[in-house]
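**Q** Okay, handing you the structure first.
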Amino acid sequence: MAGHPLQLRLRAWRAGRIRDPVARLRYLRIAGGLPLFFEDPPRAARHSARQIAAAMVLLLVFAGKIGDARWEAPAEPPRPTPPVAPVGGSGSRVWFVERRGNWETYSNGLYVDVSYQTAGEPRLYPIFDPESLEIKAWGHQPVGIVFHSTESQLAPFEPRHTRQLLRLGTNLLEYLRRNRVYHYLIDRFGRVYRVVQDEHVAHHAGYSVWKDQAALYINLNGSFIGIAFEARTGDE
């Protein structure tokens with residue numbers, strides 16, 4: 001149920017005053033929910049073929065890691081587990097090959113630059129029943145991926161702007177590392193950087209909700225991997 005834009009804004013304002021996220025969800029369910037956009041949706045960020053190709057290769061790395069991990073956690077919060085390898089074992093389609101210096105190599109040809117990698121807080125998040133909104137279990141493995149555009153300053157993608165492109169990319173990476181934003185960045189040249197370790201929380205999803213038939217997740221920083229394209233909404 002959509003409703004008049006003024007009613008939607010009033011509903012959003014009321015929901016924003018509810019501090020408890022579960023109570024906020026209950027209110028929105030009773031009130032009829034909220035649309036994704038109040039007005040015309042913004043133009044999607046444009047990504048280069050290099051960035052899209054890198055994202056597809058990176059997705060293959062996580063294909064064997066993300067899935068039913070959300071139900072591995074016991075009913076009580078477990079102690080944080082030690083860091084694990086970034087990909088699955090020998091049964092995975094894509095696996096970690098080696099690390100040399102600041103580069104990790106994977107079996108699908110992916111190279112990940114880890115020179116900006118930093119640690120965050122270990123993952124530990126509640127898993128809600130989608131109907132009762134009660135906590136069913138606790139998780140500590142990523143269950144999905146959220147893609148972002150950085151909305152950062154860009155330079156024209158032309159040879160004469162190479163030095164500026166590199167400088168802007170370096171400044172962006174330093175900012176992301178300092179603030180622990182995103183797990184991965186795909187820059188304008190299609191290079192992949194790990195910013196926050198996979199098993200740790202990165203700031204990327206804010207106040208967010210994801211629901212499927214089996215579970216509901218609130219504030220996806222803890223439960224999802226964040227992958228960002230160096231891009232701006234509406235830019236070529």
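Naming works like this for the structure tokens: A, B, ... for the chains as they're shown, residue 1 at the start of each chain, ligands 1 onward in shown order.
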Which polymer residues have any atom within 9 Å of an atom of segment 113-117 of chain A, counting only C-alpha atoms, with same-chain residues fewer than 4 positions away left out, as a compact mmCIF listing (two decimals) with C-alpha atoms, in the first residue's frame?

**A**
```txt
# COMPACT_ATOMS: atom_id res chain seq x y z
CA GLY A 101 53.50 -9.48 -0.78
CA ASN A 102 50.28 -7.47 -0.82
CA TRP A 103 48.56 -9.60 -3.46
CA GLU A 104 46.27 -12.60 -3.09
CA LEU A 173 41.15 3.93 -0.18
CA GLU A 174 42.79 5.75 2.70
CA LEU A 176 37.72 3.79 3.53
CA ARG A 177 40.43 2.10 5.57
CA HIS A 183 34.91 -4.97 2.58
CA ARG A 191 41.37 -3.45 -9.62
CA VAL A 192 40.02 -5.16 -6.49
CA TYR A 193 41.08 -4.03 -3.01
CA ARG A 194 40.14 -5.61 0.29
CA VAL A 195 39.47 -2.92 2.88
CA VAL A 196 37.97 -4.80 5.85
CA GLN A 197 38.58 -8.48 6.52
```

**Q** Between atom CA of Phe224 of chain A and atom CA of Tyr125 of chain A, what is the spacing in Å?

**A**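 Distance reported for this atom pair: 10.3 Å.
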
**Q** So how many Å separate atom CA of Phe157 of chain A and atom CA of Gly226 of chain A, to one decimal?

**A** 24.5 Å

**Q** Tell me which of A:Thr170, A:Ser208, A:Thr162, A:Gln213 sits closest to Glu230 of chain A, counting only C-alpha atoms.

**A**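 Checking each of A:Thr170, A:Ser208, A:Thr162, A:Gln213 against Glu230 of chain A, counting only C-alpha atoms, the winner is A:Thr170.
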
**Q** A:Ser48, A:Ser149, A:Asn219, A:Thr105: which is nearest Arg232 of chain A, counting only C-alpha atoms?

**A**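 Among the listed residues, A:Ser149 lies closest to Arg232 of chain A.
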
**Q** Would you list the contacts of Ala231 of chain A as a PyMOL selection string, taking every protein, DNA or RNA residue within 12 Å and counting only C-alpha atoms, but skipping same-chain residues closer than 3 positions in sequence?

**A** chain A and resi 44-48+51-52+147-157+165+168-169+172+185-190+228+234-236

**Q** Taking only C-alpha atoms into account, name the residue in A:His203, A:Arg167, A:Arg93, A:Arg178 that is nearest to Ser107 of chain A.

**A** A:Arg93

**Q** Would you mind listing what lies within 7 Å of segment 198-201 of chain A as a short mmCIF file (atom, residue, chain, number, x, y, z; two decimals) with N, CA and C atoms, in the first residue's frame, with only C-alpha atoms counted and same-chain residues fewer than 5 positions away left out?

**A**
```cif
data_model
loop_
_atom_site.label_atom_id
_atom_site.label_comp_id
_atom_site.auth_asym_id
_atom_site.auth_seq_id
_atom_site.Cartn_x
_atom_site.Cartn_y
_atom_site.Cartn_z
N PRO A 83 40.08 -15.66 12.88
CA PRO A 83 39.95 -15.38 11.44
C PRO A 83 40.09 -16.65 10.62
N PRO A 86 40.03 -16.63 3.41
CA PRO A 86 39.04 -15.82 2.70
C PRO A 86 38.14 -16.60 1.78
N ALA A 119 41.37 -4.38 10.13
CA ALA A 119 40.46 -5.23 10.91
C ALA A 119 39.32 -4.39 11.47
N GLY A 120 38.19 -5.04 11.71
CA GLY A 120 37.05 -4.41 12.36
C GLY A 120 36.63 -5.23 13.56
N GLU A 121 35.36 -5.13 13.91
CA GLU A 121 34.82 -5.95 14.98
C GLU A 121 34.40 -7.30 14.42
N PRO A 122 34.63 -8.40 15.16
CA PRO A 122 34.17 -9.71 14.67
C PRO A 122 32.66 -9.72 14.46
N ARG A 123 32.23 -10.44 13.44
CA ARG A 123 30.80 -10.53 13.15
C ARG A 123 30.07 -11.28 14.27
N GLN A 141 28.83 -15.56 10.19
CA GLN A 141 29.33 -15.69 8.83
C GLN A 141 28.49 -14.81 7.90
N HIS A 183 33.92 -3.89 2.53
CA HIS A 183 34.91 -4.97 2.58
C HIS A 183 35.82 -4.93 1.36
N ASN A 221 25.29 -4.51 8.21
CA ASN A 221 26.74 -4.42 8.37
C ASN A 221 27.32 -5.72 8.90
N GLY A 222 26.61 -6.33 9.84
CA GLY A 222 27.14 -7.53 10.49
C GLY A 222 26.96 -8.80 9.69
#
```
